[in-house]
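> So that we are looking at the same thing, I have put the structure below in C-alpha cells.
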Amino acid sequence: MGRPKNFEPDVAVAQAMETFWTKGYAGTSPADLAEATGVGKGSLYHAFGSKRELFGKALDLYGQVGSEMTEAFLNEPGTAKERLRAYLALLVDIDLDGPVRRGCLAASTALELGGKDPEAIRAVQRMTDATIGLFADRIRKGQRDGDVAKEVDADAQAHFLMNTVVGLRVMAQTHDGPVLHRIIDTAVAGL
C-alpha cells in the first residue's frame, strides 16, 4: 500500500500555476514548484507525472478561471461598450497593481513555447477561442439591446478585442496606465 497524499492536488495545481505565470515554463525549476506547493519533488512527479504535465493542468486551470471571470464580468449590467471597456481596464489594472508585472499566462506561453509545444499552443488557442466567443456573444447582445450598431461584425470585433487584450497584457509589463487606457478607449470606439 502506498503512502497517502499529504496535499490537495487542486491546491498544488493552483500554486504551480502562479509560479509558472510569474517565472515562465522554462524559468520554473522543480525546486521552485516544490517550494511553491510545499510538496516534495518526488510527490509532485508521482501525482502529476512530470513538470510538463503539471504545466498542462496549470494552463487548464488558468483558462477555466479566466473564462468564468470573463463571462461573469461581461454579463454584469451595462452596455456592451461599457462592459468591454471595464473588462479591458480590469485586466490592465490587475497587471499594473500586482507585485510583479507578469501579464497573461496564455500570451506568455504562446511567446515562450510557440512552435515548440503543440499541446501548450492548443491550450492557448482554446483559451483565446473561449474569450473571443464571450466577446462576440456580448457584442451580439449589445446589438439586440440596441447599444451596438447592427452593421458591426461581432466576430471580427471580438477577434480584434482579443488581439487588443494580448497586446495590453504584454504592454502592461513595460508601459503605464494612461497609455494602456488610451488603447482601451481606441479599441472599444468601434462598437
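Each chain of the C-alpha cells is named A, B, ... in the order shown, its residues numbered from 1; ligands are numbered from 1 in display order.
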Can you check which residues of region 14-53 of chain A DSSP gives as alpha helix (DSSP H) on the backbone and send them as JSON, numbers by chain?

{"A": [14, 15, 16, 17, 18, 19, 20, 21, 22, 23, 30, 31, 32, 33, 34, 35, 36, 37, 41, 42, 43, 44, 45, 46, 47, 48, 51, 52, 53]}

> What lies within 12 Å of Arg122 (chain A) using only C-alpha atoms, ignoring chain neighbours under 3 positions off, as a list in words?

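Returned residues: Gly56, Leu59, Asp60, Gly63, Ala106, Thr109, Ala110, Leu113, Gly114, Gly115, Lys116, Asp117, Pro118, Glu119, Gln125, Arg126, Met127, Thr128 and Asp129 of chain A.
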
> Any chance you could export the current selection's N, CA and C atoms as an mmCIF file, in the first residue's frame?


```
data_model
loop_
_atom_site.group_PDB
_atom_site.id
_atom_site.type_symbol
_atom_site.label_atom_id
_atom_site.label_comp_id
_atom_site.auth_asym_id
_atom_site.auth_seq_id
_atom_site.Cartn_x
_atom_site.Cartn_y
_atom_site.Cartn_z
ATOM 1 N N GLY A 56 0.516 21.637 -17.963
ATOM 2 C CA GLY A 56 -0.737 21.484 -18.712
ATOM 3 C C GLY A 56 -1.950 21.673 -17.819
ATOM 4 N N LEU A 59 -2.246 25.367 -17.032
ATOM 5 C CA LEU A 59 -2.853 26.102 -18.156
ATOM 6 C C LEU A 59 -4.361 25.889 -18.192
ATOM 7 N N ASP A 60 -4.796 24.651 -17.980
ATOM 8 C CA ASP A 60 -6.233 24.367 -17.974
ATOM 9 C C ASP A 60 -6.943 25.152 -16.871
ATOM 10 N N GLY A 63 -7.177 28.819 -17.820
ATOM 11 C CA GLY A 63 -8.238 29.011 -18.806
ATOM 12 C C GLY A 63 -9.621 28.948 -18.191
ATOM 13 N N ALA A 106 -1.367 32.890 -20.756
ATOM 14 C CA ALA A 106 -1.594 32.348 -22.100
ATOM 15 C C ALA A 106 -0.692 33.033 -23.120
ATOM 16 N N THR A 109 2.884 32.017 -22.596
ATOM 17 C CA THR A 109 3.085 30.649 -23.073
ATOM 18 C C THR A 109 3.214 30.624 -24.591
ATOM 19 N N ALA A 110 2.361 31.378 -25.282
ATOM 20 C CA ALA A 110 2.446 31.430 -26.740
ATOM 21 C C ALA A 110 3.794 31.976 -27.185
ATOM 22 N N LEU A 113 6.572 29.183 -25.923
ATOM 23 C CA LEU A 113 6.516 27.810 -26.425
ATOM 24 C C LEU A 113 5.969 27.677 -27.838
ATOM 25 N N GLY A 114 5.580 28.797 -28.459
ATOM 26 C CA GLY A 114 5.082 28.742 -29.829
ATOM 27 C C GLY A 114 6.080 28.055 -30.746
ATOM 28 N N GLY A 115 5.609 27.095 -31.536
ATOM 29 C CA GLY A 115 6.475 26.358 -32.437
ATOM 30 C C GLY A 115 7.267 25.249 -31.768
ATOM 31 N N LYS A 116 7.157 25.136 -30.437
ATOM 32 C CA LYS A 116 7.933 24.123 -29.708
ATOM 33 C C LYS A 116 7.049 23.103 -28.997
ATOM 34 N N ASP A 117 5.846 23.502 -28.649
ATOM 35 C CA ASP A 117 4.987 22.653 -27.820
ATOM 36 C C ASP A 117 3.553 22.750 -28.334
ATOM 37 N N PRO A 118 3.206 21.893 -29.304
ATOM 38 C CA PRO A 118 1.866 21.968 -29.900
ATOM 39 C C PRO A 118 0.728 21.819 -28.884
ATOM 40 N N GLU A 119 0.930 21.004 -27.868
ATOM 41 C CA GLU A 119 -0.114 20.805 -26.860
ATOM 42 C C GLU A 119 -0.370 22.095 -26.073
ATOM 43 N N GLN A 125 -4.908 28.273 -27.595
ATOM 44 C CA GLN A 125 -5.969 28.508 -28.594
ATOM 45 C C GLN A 125 -7.352 28.270 -28.001
ATOM 46 N N ARG A 126 -7.493 27.250 -27.178
ATOM 47 C CA ARG A 126 -8.792 27.006 -26.521
ATOM 48 C C ARG A 126 -9.177 28.197 -25.649
ATOM 49 N N MET A 127 -8.187 28.738 -24.915
ATOM 50 C CA MET A 127 -8.468 29.888 -24.048
ATOM 51 C C MET A 127 -8.875 31.108 -24.870
ATOM 52 N N THR A 128 -8.110 31.407 -25.899
ATOM 53 C CA THR A 128 -8.424 32.604 -26.688
ATOM 54 C C THR A 128 -9.737 32.425 -27.440
ATOM 55 N N ASP A 129 -9.988 31.232 -27.956
ATOM 56 C CA ASP A 129 -11.256 30.992 -28.652
ATOM 57 C C ASP A 129 -12.443 31.173 -27.709
#
```

> Give me the residues near Leu134 (chain A) as a ChimeraX atom specification, where near means some atom within 10 Å (using only C-alpha atoms) and where sequence neighbours in that chain fewer than 3 positions away do not count.

/A:67,70-71,74-75,128-131,137-140,158

> Have a look at CA of Lys57 (chain A) and CA of Arg169 (chain A) and let me know their distance in Å, one decimal.

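Those two atoms sit 21.8 Å apart.
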
> Go through A:Gly177, A:Gly167, A:Gly190, A:Pro9 one by one, measure the shortest atom-to-atom distance of each to Glu151 (chain A) using only C-alpha atoms, and give the residue with the smallest value.

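Checking each candidate against Glu151 (chain A), we get A:Gly190 as the closest.
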
> Could you work out how far CA of Lys81 (chain A) lies from CA of Phe160 (chain A), giving the answer in Å with one decimal?

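So the answer is 13.9 Å.
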
> For Gln143 (chain A), list every protein, DNA or RNA residue within 10 Å, evaluated using only C-alpha atoms, and leave out those in the same chain fewer than 6 positions away; present the list as a list in words.

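The contact residues come out as Thr79, Ala80, Asp137, Ala149, Lys150, Glu151, Val152, Ala154 and Leu191 of chain A.
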
> In Å, how far is it from CA of Met162 (chain A) to CA of Ala120 (chain A)?

18.4 Å

> Determine, counting only C-alpha atoms, which protein, DNA and RNA residues have an atom within 10 Å of an atom of Glu8 (chain A); residues of the same chain fewer than 5 positions away are not included. Present the result as a JSON list (two decimals) with C-alpha atoms, in the first residue's frame.


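What follows is the written file part11.json:
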```
[["chain", "number", "residue", "atom", "x", "y", "z"],
["A", 13, "VAL", "CA", -2.01, 22.98, -9.37],
["A", 37, "THR", "CA", 3.38, 23.98, -3.39],
["A", 39, "VAL", "CA", 5.15, 19.33, -1.78]]
```

> Just checking: using only C-alpha atoms, which residue out of A:Lys41, A:Arg85, A:His46, A:Arg102 ends up closest to Trp21 (chain A)?

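So, comparing all the options, the nearest one is A:Arg102.
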
> Using only C-alpha atoms, which of A:Ser50, A:Ser43, A:Thr174, A:Gln64 sits nearest Val100 (chain A)?

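Under the stated criterion, the closest residue is A:Thr174.
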
> At a cut-off of 12 Å, using only C-alpha atoms, what residues contact His181 (chain A)? Leave out same-chain residues fewer than 2 positions from it and give the result as JSON, numbers by chain.

{"A": [85, 86, 87, 88, 89, 90, 91, 92, 93, 96, 164, 165, 168, 169, 171, 172, 175, 176, 177, 178, 179, 183, 184, 185, 186, 187, 188]}
